[in-house]
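*Asks:* data-v4.txt is the file, holding compact mmCIF, C-alpha atoms:
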```txt
# COMPACT_ATOMS: atom_id res chain seq x y z
CA MET A 1276 0.31 16.21 20.27
CA ALA A 1277 -1.48 14.22 22.95
CA LYS A 1278 -1.33 10.46 22.57
CA PRO A 1279 -4.76 9.02 21.68
CA GLN A 1280 -6.37 7.23 24.61
CA GLY A 1281 -7.10 3.57 23.96
CA SER A 1282 -5.44 0.32 22.98
CA PHE A 1283 -5.29 -2.33 20.27
CA SER A 1284 -7.78 -4.58 21.98
CA ALA A 1285 -11.11 -4.49 20.12
CA PRO A 1286 -12.86 -7.89 20.04
CA PRO A 1287 -12.80 -9.88 16.77
CA GLN A 1288 -15.25 -8.64 14.16
CA VAL A 1289 -16.16 -10.42 10.92
CA LEU A 1290 -17.05 -8.12 8.02
CA THR A 1291 -18.27 -9.13 4.55
CA PHE A 1292 -17.10 -7.47 1.34
CA ASP A 1293 -17.37 -8.04 -2.40
CA GLY A 1294 -13.68 -7.35 -2.85
CA LEU A 1295 -10.40 -6.34 -1.21
CA LEU A 1296 -7.80 -3.89 -2.48
CA SER A 1297 -4.46 -3.50 -0.76
CA ASP A 1298 -1.75 -0.90 -0.97
CA PHE A 1299 1.72 -2.39 -1.35
CA ASP A 1300 4.67 -0.50 0.13
CA GLY A 1301 4.24 -0.17 3.88
CA THR A 1302 1.18 -2.46 3.82
CA ILE A 1303 2.48 -5.70 2.28
CA VAL A 1304 6.20 -4.96 2.10
CA ASP A 1305 8.39 -2.91 4.43
CA SER A 1306 11.01 -1.50 2.09
CA THR A 1307 11.69 1.66 4.10
CA ASP A 1308 15.46 1.09 4.33
CA ALA A 1309 15.67 0.31 0.62
CA ILE A 1310 13.62 3.37 -0.33
CA VAL A 1311 15.75 5.64 1.86
CA LYS A 1312 18.90 4.35 0.15
CA HIS A 1313 17.21 4.76 -3.24
CA TRP A 1314 16.29 8.41 -2.64
CA HIS A 1315 19.78 9.15 -1.28
CA LYS A 1316 21.15 7.78 -4.55
CA VAL A 1317 18.66 9.74 -6.68
CA GLY A 1318 19.14 12.86 -4.56
CA ALA A 1319 22.88 12.72 -5.14
CA GLU A 1320 22.28 12.40 -8.90
CA LEU A 1321 19.90 15.38 -8.85
CA GLY A 1322 21.88 17.51 -6.42
CA VAL A 1323 18.88 17.58 -4.04
CA ASP A 1324 18.94 16.91 -0.29
CA PRO A 1325 17.46 13.38 -0.02
CA ASN A 1326 15.86 14.23 3.33
CA VAL A 1327 13.81 16.92 1.59
CA ILE A 1328 12.61 14.31 -0.93
CA LEU A 1329 11.90 11.73 1.76
CA ALA A 1330 9.77 14.18 3.74
CA THR A 1331 7.07 14.06 1.05
CA SER A 1332 7.71 10.94 -1.04
CA HIS A 1333 5.92 8.19 0.92
CA GLY A 1334 2.62 7.17 -0.64
CA ARG A 1335 3.28 9.44 -3.60
CA ARG A 1336 4.13 8.28 -7.11
CA SER A 1337 7.80 8.74 -8.01
CA ILE A 1338 6.80 10.49 -11.22
CA ASP A 1339 5.04 13.17 -9.13
CA THR A 1340 8.05 13.47 -6.81
CA MET A 1341 10.47 13.75 -9.73
CA ALA A 1342 8.33 16.51 -11.26
CA LEU A 1343 9.12 18.65 -8.22
CA TYR A 1344 12.89 18.37 -8.59
CA ASP A 1345 13.71 17.51 -12.20
CA PRO A 1346 10.76 17.59 -14.64
CA SER A 1347 12.98 16.18 -17.40
CA LYS A 1348 13.07 12.89 -15.46
CA ALA A 1349 9.32 12.85 -14.73
CA ASN A 1350 8.58 10.23 -17.38
CA TRP A 1351 7.68 6.56 -17.15
CA ASP A 1352 10.81 5.29 -18.92
CA TYR A 1353 13.07 6.89 -16.32
CA VAL A 1354 10.83 6.20 -13.30
CA SER A 1355 10.33 2.52 -14.24
CA TYR A 1356 14.08 2.18 -14.73
CA VAL A 1357 15.05 3.66 -11.35
CA GLU A 1358 12.27 1.87 -9.45
CA GLY A 1359 13.12 -1.41 -11.16
CA ARG A 1360 16.64 -1.01 -9.76
CA ILE A 1361 15.48 -0.86 -6.15
CA PRO A 1362 14.76 -4.59 -5.53
CA LYS A 1363 17.93 -5.50 -7.44
CA ASP A 1364 20.20 -3.05 -5.63
CA PHE A 1365 18.63 -3.14 -2.17
CA GLY A 1366 16.72 -6.43 -2.07
CA SER A 1367 18.19 -7.44 1.28
CA ASP A 1368 16.79 -4.25 2.84
CA ALA A 1369 13.12 -5.25 2.59
CA VAL A 1370 10.88 -7.68 4.48
CA GLU A 1371 7.19 -8.45 4.30
CA ILE A 1372 4.91 -6.72 6.80
CA ARG A 1373 4.03 -9.14 9.59
CA GLY A 1374 1.05 -11.24 8.55
CA ALA A 1375 1.25 -10.25 4.87
CA ARG A 1376 2.55 -13.56 3.49
CA TYR A 1377 -0.21 -15.55 5.17
CA LEU A 1378 -2.96 -13.08 4.26
CA LEU A 1379 -2.05 -13.01 0.56
CA SER A 1380 -1.86 -16.79 0.30
CA SER A 1381 -5.16 -17.09 2.21
CA LEU A 1382 -6.91 -14.67 -0.16
CA ASP A 1383 -5.63 -16.63 -3.14
CA GLU A 1384 -6.48 -20.06 -1.73
CA ALA A 1385 -10.00 -18.96 -0.73
CA GLY A 1386 -10.70 -17.66 -4.24
CA ALA A 1387 -11.33 -14.14 -2.94
CA THR A 1388 -11.78 -11.18 -5.29
CA TRP A 1389 -8.69 -9.10 -4.47
CA GLY A 1390 -5.86 -7.08 -5.92
CA VAL A 1391 -3.12 -4.55 -5.23
CA VAL A 1392 -3.35 -0.81 -5.82
CA THR A 1393 0.01 0.94 -5.47
CA SER A 1394 1.79 4.22 -6.11
CA GLY A 1395 4.80 2.16 -7.24
CA THR A 1396 5.55 1.09 -10.80
CA ARG A 1397 4.95 -2.40 -12.15
CA ALA A 1398 8.72 -2.92 -12.25
CA LEU A 1399 8.98 -2.16 -8.53
CA VAL A 1400 6.05 -4.36 -7.44
CA ASP A 1401 7.08 -7.31 -9.62
CA GLY A 1402 10.63 -6.94 -8.30
CA TRP A 1403 9.64 -7.07 -4.64
CA LEU A 1404 7.16 -9.93 -5.11
CA GLY A 1405 9.93 -11.89 -6.81
CA VAL A 1406 12.64 -11.09 -4.25
CA LEU A 1407 10.38 -11.92 -1.29
CA ASN A 1408 8.56 -14.80 -3.03
CA LEU A 1409 5.08 -13.52 -2.14
CA THR A 1410 1.77 -14.51 -3.76
CA HIS A 1411 1.38 -12.43 -6.91
CA PRO A 1412 -2.01 -10.68 -7.23
CA LYS A 1413 -3.91 -11.43 -10.42
CA MET A 1414 -5.07 -7.78 -10.49
CA LEU A 1415 -2.64 -4.90 -10.16
CA VAL A 1416 -3.16 -1.15 -10.47
CA VAL A 1417 0.22 0.58 -10.64
CA ALA A 1418 1.44 4.16 -10.90
CA GLU A 1419 1.46 4.10 -14.70
CA ASP A 1420 -2.25 3.23 -14.85
CA VAL A 1421 -3.65 6.52 -13.53
CA ASP A 1422 -3.36 10.21 -14.31
CA ALA A 1423 -3.46 11.33 -10.68
CA GLY A 1424 -1.93 9.55 -7.70
CA LYS A 1425 -3.27 9.17 -4.17
CA PRO A 1426 -5.08 10.89 -2.40
CA ASN A 1427 -7.04 11.05 -5.67
CA PRO A 1428 -9.41 8.04 -5.57
CA GLN A 1429 -8.89 7.23 -9.27
CA CYS A 1430 -6.56 4.29 -8.53
CA TYR A 1431 -8.99 2.58 -6.16
CA LEU A 1432 -11.96 3.15 -8.44
CA LEU A 1433 -9.95 1.58 -11.27
CA GLY A 1434 -9.10 -1.31 -8.97
CA ARG A 1435 -12.79 -1.96 -8.29
CA GLU A 1436 -13.49 -1.88 -12.02
CA ARG A 1437 -10.65 -4.29 -12.81
CA LEU A 1438 -11.97 -6.70 -10.19
CA GLY A 1439 -15.18 -6.76 -12.21
CA LEU A 1440 -17.19 -5.07 -9.45
CA GLY A 1441 -19.87 -2.43 -10.00
CA PRO A 1442 -20.41 0.92 -8.26
CA ALA A 1443 -22.67 -0.63 -5.62
CA ALA A 1444 -20.05 -3.22 -4.54
CA SER A 1445 -18.65 -3.13 -1.02
CA VAL A 1446 -14.86 -2.94 -1.04
CA VAL A 1447 -12.31 -2.92 1.78
CA VAL A 1448 -8.96 -1.18 1.39
CA LEU A 1449 -5.77 -1.99 3.35
CA GLU A 1450 -3.50 1.05 3.71
CA ASP A 1451 -0.65 2.51 5.75
CA ALA A 1452 -0.39 6.11 4.50
CA PRO A 1453 -2.75 9.05 5.04
CA SER A 1454 -2.82 9.81 1.30
CA GLY A 1455 -3.94 6.25 0.58
CA ILE A 1456 -6.54 6.29 3.36
CA ARG A 1457 -7.98 9.47 1.91
CA ALA A 1458 -8.03 7.91 -1.56
CA GLY A 1459 -9.89 4.85 -0.28
CA LYS A 1460 -12.43 6.92 1.64
CA ALA A 1461 -12.96 9.26 -1.34
CA ALA A 1462 -13.73 6.16 -3.41
CA GLY A 1463 -16.45 5.27 -0.89
CA PHE A 1464 -14.68 2.20 0.52
CA THR A 1465 -14.05 0.88 4.03
CA VAL A 1466 -10.43 1.44 5.05
CA VAL A 1467 -8.37 -0.68 7.43
CA ALA A 1468 -5.15 1.17 8.29
CA LEU A 1469 -1.87 -0.25 9.60
CA THR A 1470 0.42 1.62 12.01
CA THR A 1471 3.47 0.41 10.10
CA THR A 1472 4.71 3.76 8.76
CA HIS A 1473 2.59 6.53 10.28
CA SER A 1474 1.31 7.50 13.72
CA LEU A 1475 -2.05 6.48 15.08
CA ALA A 1476 -3.08 10.15 15.16
CA GLN A 1477 -2.24 10.61 11.46
CA LEU A 1478 -4.27 7.54 10.49
CA ARG A 1479 -7.26 8.67 12.53
CA GLU A 1480 -7.09 12.17 11.10
CA ALA A 1481 -7.06 10.71 7.56
CA GLY A 1482 -10.35 8.94 8.30
CA ALA A 1483 -9.49 5.24 8.65
CA ASP A 1484 -12.46 3.08 9.68
CA TYR A 1485 -10.31 0.53 11.53
CA ILE A 1486 -6.71 0.78 12.71
CA VAL A 1487 -4.56 -2.27 13.44
CA GLU A 1488 -0.87 -2.72 14.14
CA ASP A 1489 -0.16 -5.00 11.17
CA LEU A 1490 -1.69 -7.73 9.01
CA ARG A 1491 -1.59 -10.35 11.77
CA SER A 1492 -4.87 -8.71 12.84
CA VAL A 1493 -6.53 -9.29 9.47
CA SER A 1494 -7.50 -12.78 8.29
CA VAL A 1495 -9.73 -14.56 5.80
CA ARG A 1496 -12.60 -16.45 7.37
CA GLY A 1497 -13.88 -17.67 4.02
CA VAL A 1498 -15.63 -16.79 0.79
CA GLU A 1499 -19.35 -17.44 0.51
CA GLY A 1500 -21.35 -16.67 -2.61
CA GLY A 1501 -18.32 -14.86 -3.98
CA ARG A 1502 -18.18 -12.52 -0.97
CA LEU A 1503 -15.15 -12.28 1.29
CA GLN A 1504 -15.56 -12.74 5.03
CA LEU A 1505 -12.74 -10.83 6.68
CA GLU A 1506 -11.95 -10.99 10.38
CA ILE A 1507 -10.36 -7.98 12.08
CA ARG A 1508 -8.87 -8.52 15.54
CA ASN A 1509 -7.26 -6.20 18.08
CA ALA A 1510 -8.21 -3.01 16.27
CA PHE A 1511 -7.64 0.23 18.13
CA GLN A 1512 -10.50 1.20 20.43
```
Once more with this new file: its structure as structure tokens, please.
*Replies:*
Amino acid sequence: MAKPQGSFSAPPQVLTFDGLLSDFDGTIVDSTDAIVKHWHKVGAELGVDPNVILATSHGRRSIDTMALYDPSKANWDYVSYVEGRIPKDFGSDAVEIRGARYLLSSLDEAGATWGVVTSGTRALVDGWLGVLNLTHPKMLVVAEDVDAGKPNPQCYLLGRERLGLGPAASVVVLEDAPSGIRAGKAAGFTVVALTTTHSLAQLREAGADYIVEDLRSVSVRGVEGGRLQLEIRNAFQ
């Protein structure tokens, strides 16, 4: 596939939104090494090649992945248990995405309307936030909260509702995976994608509105009248 022509050099742009929703794994936390080790462990327990699992697991709920290989384990008790183990067993294998720590604290300090929407379980998210000592969102939508995972927009629509925003509200989504980008776009939101886990071409094909390298290019300019002013720098152009 030909490499897209362009560079991460777009001039700064300030956009205003009623709320912000962010994905978690690959967007706030880079737990790739931990997740690989986790699926190798689960694959060994299931007798399934972990590389086969890993080829389709990113951005997908574990309960949906488990349903493909062992439906008897596709239940929240088991999935919450195994995901809750990941930060405990492999906590040293994860770091925050560059710029994430500052962005989360800035959102909180500014009094922005924001939250996290993830395909992970509550046990997994709480575990990583604790291990990495990151600002904990007041609003979380986790895998257990929806019937259908990304790219279904249900999770992001629920996120908007839990933020107390109506259908006409403008919402920005931060994402790293094509399935999440498609979910955000299907919800009618603006999507800023990060090239932290997928190629530029994949993110463009999924329909991202802006593409940046990581969260160092996204910052809070302020909150006025309850609305978030978000600056995006060095987007791909």
*Asks:* Choose the residue, out of A:Ser1337, A:Asn1326, A:Thr1388, A:Thr1470, that has the smallest atom-to-atom separation from Glu1436 in chain A; count all atoms listed in the file.
*Replies:*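 For Glu1436 in chain A, the nearest of the given residues is A:Thr1388.
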*Asks:* Counting all atoms listed in the file, which of A:Ala1510, A:Leu1478, A:Val1357, A:Leu1433 gets nearest to Val1493 in chain A?
*Replies:*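 Smallest separation from Val1493 in chain A among the options: A:Ala1510.
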*Asks:* Excluding same-chain residues fewer than 3 positions from Ser1367 in chain A, what lies within 9 Å of it counting all atoms listed in the file, as JSON, numbers by chain?
*Replies:* {"A": [1309, 1362, 1363, 1364, 1370, 1406]}
*Asks:* With all atoms listed in the file as the atoms that count, which of A:Phe1283, A:Tyr1485, A:Phe1511, A:Trp1351 lies nearest to Thr1465 in chain A?
*Replies:*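 Comparing A:Phe1283, A:Tyr1485, A:Phe1511, A:Trp1351 against Thr1465 in chain A, the winner is A:Tyr1485.
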*Asks:* Can you pull out every residue within 12 Å of Asp1489 in chain A, counting all atoms listed in the file, but drop anything in the same chain fewer than 3 positions away, and send it as a PyMOL selection string?
*Replies:* chain A and resi 1283+1301-1305+1371-1376+1378+1449-1451+1467-1473+1485-1486+1492-1494+1507-1511
*Asks:* Could you tell me how far CA of Val1448 in chain A lies from CA of Ser1297 in chain A, in Å and to one decimal?
*Replies:*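 Distance between the two atoms: 5.5 Å.
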*Asks:* Excluding Pro1442 in chain A and residues on its chain fewer than 4 positions from it, collect all residues at most 10 Å away from it, counting all atoms listed in the file, and give them as a list of chain:residue names.
*Replies:*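 The neighbour list is A:Leu1432, A:Arg1435, A:Glu1436, A:Val1446, A:Ala1462, A:Gly1463.
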*Asks:* Taking into account all atoms listed in the file, which residue in the set A:Ser1394, A:Asn1350, A:Gln1512, A:Ser1282 is nearest to Asp1484 in chain A?
*Replies:*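 Closest to Asp1484 in chain A of all the choices is A:Gln1512.
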*Asks:* Once you count all atoms listed in the file, which residues end up no further than 12 Å from (-8.3, 6.5, -13.2) in the file's frame, shown as an MDAnalysis selection string?
*Replies:* chainID A and resid 1392 1416:1425 1427:1437 1458 1462
*Asks:* So, counting all atoms listed in the file, which residue among A:Pro1412, A:Asp1308, A:Ala1483, A:Arg1457 is closest to Leu1382 in chain A?
*Replies:*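 Closest candidate: A:Pro1412.
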*Asks:* Using all atoms listed in the file, which of A:Ile1310, A:Val1289, A:Leu1399, A:Ala1444 sits nearest His1333 in chain A?
*Replies:*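 Comparing A:Ile1310, A:Val1289, A:Leu1399, A:Ala1444 against His1333 in chain A, the winner is A:Ile1310.
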*Asks:* Using all atoms listed in the file and a cutoff of 7 Å, can you tell me which residues are near (-15.5, -11.3, 1.3) in the file's coordinates, and write them out as a PyMOL selection string?
*Replies:* chain A and resi 1291-1294+1387+1498+1501-1505
*Asks:* Go ahead and save the residues from that selection, with C-alpha atoms, as an mmCIF file, keeping the file's coordinate frame.
*Replies:*
```cif
data_model
loop_
_atom_site.group_PDB
_atom_site.id
_atom_site.type_symbol
_atom_site.label_atom_id
_atom_site.label_comp_id
_atom_site.auth_asym_id
_atom_site.auth_seq_id
_atom_site.Cartn_x
_atom_site.Cartn_y
_atom_site.Cartn_z
ATOM 1 C CA THR A 1291 -18.270 -9.130 4.550
ATOM 2 C CA PHE A 1292 -17.100 -7.470 1.340
ATOM 3 C CA ASP A 1293 -17.370 -8.040 -2.400
ATOM 4 C CA GLY A 1294 -13.680 -7.350 -2.850
ATOM 5 C CA ALA A 1387 -11.330 -14.140 -2.940
ATOM 6 C CA VAL A 1498 -15.630 -16.790 0.790
ATOM 7 C CA GLY A 1501 -18.320 -14.860 -3.980
ATOM 8 C CA ARG A 1502 -18.180 -12.520 -0.970
ATOM 9 C CA LEU A 1503 -15.150 -12.280 1.290
ATOM 10 C CA GLN A 1504 -15.560 -12.740 5.030
ATOM 11 C CA LEU A 1505 -12.740 -10.830 6.680
#
```
*Asks:* For the atom pair CA of Arg1360 in chain A and CA of Gly1405 in chain A, what is the interatomic distance in Å to one decimal place?
*Replies:*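 Result for CA of Arg1360 in chain A versus CA of Gly1405 in chain A: 13.1 Å, one decimal.
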*Asks:* For range 1331-1338 of chain A, take all atoms listed in the file, fit an axis-aligned box around them, add 8 Å to each of the six sides, then output centre and edge lengths in Å rounded to one decimal, as lines of an AutoDock Vina configuration file.
*Replies:*
```
center_x = 5.2
center_y = 10.6
center_z = -5.1
size_x = 21.2
size_y = 22.9
size_z = 28.3
```
*Asks:* One decimal, in Å: what's the spacing between CA of Val1311 in chain A and CA of Pro1325 in chain A?
*Replies:* 8.1 Å
*Asks:* I'd like the contact shell of Gly1455 in chain A - 8 Å cut-off, all atoms listed in the file, skipping same-chain residues fewer than 6 positions apart - returned as a list in words.
*Replies:* Asp1298, Gly1334, Lys1425 and Pro1426 of chain A
*Asks:* Provide range 1388-1417 of chain A rebuilt to N, CA and C atoms, formatted as an mmCIF file, keeping the file's coordinate frame.
*Replies:*
```
data_model
loop_
_atom_site.group_PDB
_atom_site.id
_atom_site.type_symbol
_atom_site.label_atom_id
_atom_site.label_comp_id
_atom_site.auth_asym_id
_atom_site.auth_seq_id
_atom_site.Cartn_x
_atom_site.Cartn_y
_atom_site.Cartn_z
ATOM 1 N N THR A 1388 -11.940 -12.214 -4.268
ATOM 2 C CA THR A 1388 -11.780 -11.180 -5.290
ATOM 3 C C THR A 1388 -10.892 -10.097 -4.672
ATOM 4 N N TRP A 1389 -9.634 -10.034 -5.109
ATOM 5 C CA TRP A 1389 -8.690 -9.100 -4.470
ATOM 6 C C TRP A 1389 -7.626 -8.652 -5.462
ATOM 7 N N GLY A 1390 -6.946 -7.578 -5.082
ATOM 8 C CA GLY A 1390 -5.860 -7.080 -5.920
ATOM 9 C C GLY A 1390 -5.055 -6.039 -5.165
ATOM 10 N N VAL A 1391 -4.010 -5.551 -5.819
ATOM 11 C CA VAL A 1391 -3.120 -4.550 -5.230
ATOM 12 C C VAL A 1391 -3.214 -3.245 -5.996
ATOM 13 N N VAL A 1392 -3.302 -2.150 -5.246
ATOM 14 C CA VAL A 1392 -3.350 -0.810 -5.820
ATOM 15 C C VAL A 1392 -2.184 -0.032 -5.207
ATOM 16 N N THR A 1393 -1.212 0.358 -6.015
ATOM 17 C CA THR A 1393 0.010 0.940 -5.470
ATOM 18 C C THR A 1393 0.455 2.193 -6.211
ATOM 19 N N SER A 1394 1.193 3.039 -5.497
ATOM 20 C CA SER A 1394 1.790 4.220 -6.110
ATOM 21 C C SER A 1394 3.121 3.866 -6.763
ATOM 22 N N GLY A 1395 3.555 2.619 -6.608
ATOM 23 C CA GLY A 1395 4.800 2.160 -7.240
ATOM 24 C C GLY A 1395 4.556 1.728 -8.671
ATOM 25 N N THR A 1396 5.636 1.562 -9.412
ATOM 26 C CA THR A 1396 5.550 1.090 -10.800
ATOM 27 C C THR A 1396 5.430 -0.428 -10.831
ATOM 28 N N ARG A 1397 5.032 -0.942 -11.979
ATOM 29 C CA ARG A 1397 4.950 -2.400 -12.150
ATOM 30 C C ARG A 1397 6.323 -3.049 -11.939
ATOM 31 N N ALA A 1398 7.365 -2.378 -12.408
ATOM 32 C CA ALA A 1398 8.720 -2.920 -12.250
ATOM 33 C C ALA A 1398 9.082 -3.074 -10.775
ATOM 34 N N LEU A 1399 8.669 -2.115 -9.953
ATOM 35 C CA LEU A 1399 8.980 -2.160 -8.530
ATOM 36 C C LEU A 1399 8.201 -3.282 -7.836
ATOM 37 N N VAL A 1400 6.897 -3.348 -8.097
ATOM 38 C CA VAL A 1400 6.050 -4.360 -7.440
ATOM 39 C C VAL A 1400 6.480 -5.768 -7.854
ATOM 40 N N ASP A 1401 6.647 -5.986 -9.142
ATOM 41 C CA ASP A 1401 7.080 -7.310 -9.620
ATOM 42 C C ASP A 1401 8.422 -7.684 -9.012
ATOM 43 N N GLY A 1402 9.308 -6.691 -8.874
ATOM 44 C CA GLY A 1402 10.630 -6.940 -8.300
ATOM 45 C C GLY A 1402 10.551 -7.401 -6.858
ATOM 46 N N TRP A 1403 9.765 -6.700 -6.053
ATOM 47 C CA TRP A 1403 9.640 -7.070 -4.640
ATOM 48 C C TRP A 1403 8.948 -8.406 -4.465
ATOM 49 N N LEU A 1404 7.872 -8.655 -5.217
ATOM 50 C CA LEU A 1404 7.160 -9.930 -5.110
ATOM 51 C C LEU A 1404 8.090 -11.090 -5.431
ATOM 52 N N GLY A 1405 8.972 -10.862 -6.428
ATOM 53 C CA GLY A 1405 9.930 -11.890 -6.810
ATOM 54 C C GLY A 1405 11.001 -12.096 -5.752
ATOM 55 N N VAL A 1406 11.569 -11.014 -5.252
ATOM 56 C CA VAL A 1406 12.640 -11.090 -4.250
ATOM 57 C C VAL A 1406 12.137 -11.753 -2.962
ATOM 58 N N LEU A 1407 10.927 -11.408 -2.546
ATOM 59 C CA LEU A 1407 10.380 -11.920 -1.290
ATOM 60 C C LEU A 1407 9.531 -13.182 -1.469
ATOM 61 N N ASN A 1408 9.321 -13.586 -2.727
ATOM 62 C CA ASN A 1408 8.560 -14.800 -3.030
ATOM 63 C C ASN A 1408 7.170 -14.774 -2.397
ATOM 64 N N LEU A 1409 6.438 -13.667 -2.648
ATOM 65 C CA LEU A 1409 5.080 -13.520 -2.140
ATOM 66 C C LEU A 1409 4.064 -13.861 -3.222
ATOM 67 N N THR A 1410 2.853 -14.224 -2.811
ATOM 68 C CA THR A 1410 1.770 -14.510 -3.760
ATOM 69 C C THR A 1410 1.534 -13.297 -4.650
ATOM 70 N N HIS A 1411 1.538 -13.526 -5.948
ATOM 71 C CA HIS A 1411 1.380 -12.430 -6.910
ATOM 72 C C HIS A 1411 -0.108 -12.191 -7.170
ATOM 73 N N PRO A 1412 -0.591 -10.964 -6.959
ATOM 74 C CA PRO A 1412 -2.010 -10.680 -7.230
ATOM 75 C C PRO A 1412 -2.320 -10.810 -8.713
ATOM 76 N N LYS A 1413 -3.506 -11.323 -9.013
ATOM 77 C CA LYS A 1413 -3.910 -11.430 -10.420
ATOM 78 C C LYS A 1413 -4.296 -10.055 -10.972
ATOM 79 N N MET A 1414 -4.677 -9.129 -10.068
ATOM 80 C CA MET A 1414 -5.070 -7.780 -10.490
ATOM 81 C C MET A 1414 -4.157 -6.756 -9.818
ATOM 82 N N LEU A 1415 -3.536 -5.944 -10.646
ATOM 83 C CA LEU A 1415 -2.640 -4.900 -10.160
ATOM 84 C C LEU A 1415 -3.022 -3.555 -10.776
ATOM 85 N N VAL A 1416 -3.099 -2.523 -9.958
ATOM 86 C CA VAL A 1416 -3.160 -1.150 -10.470
ATOM 87 C C VAL A 1416 -1.872 -0.494 -10.008
ATOM 88 N N VAL A 1417 -1.083 -0.007 -10.961
ATOM 89 C CA VAL A 1417 0.220 0.580 -10.640
ATOM 90 C C VAL A 1417 0.233 2.057 -11.030
#
```
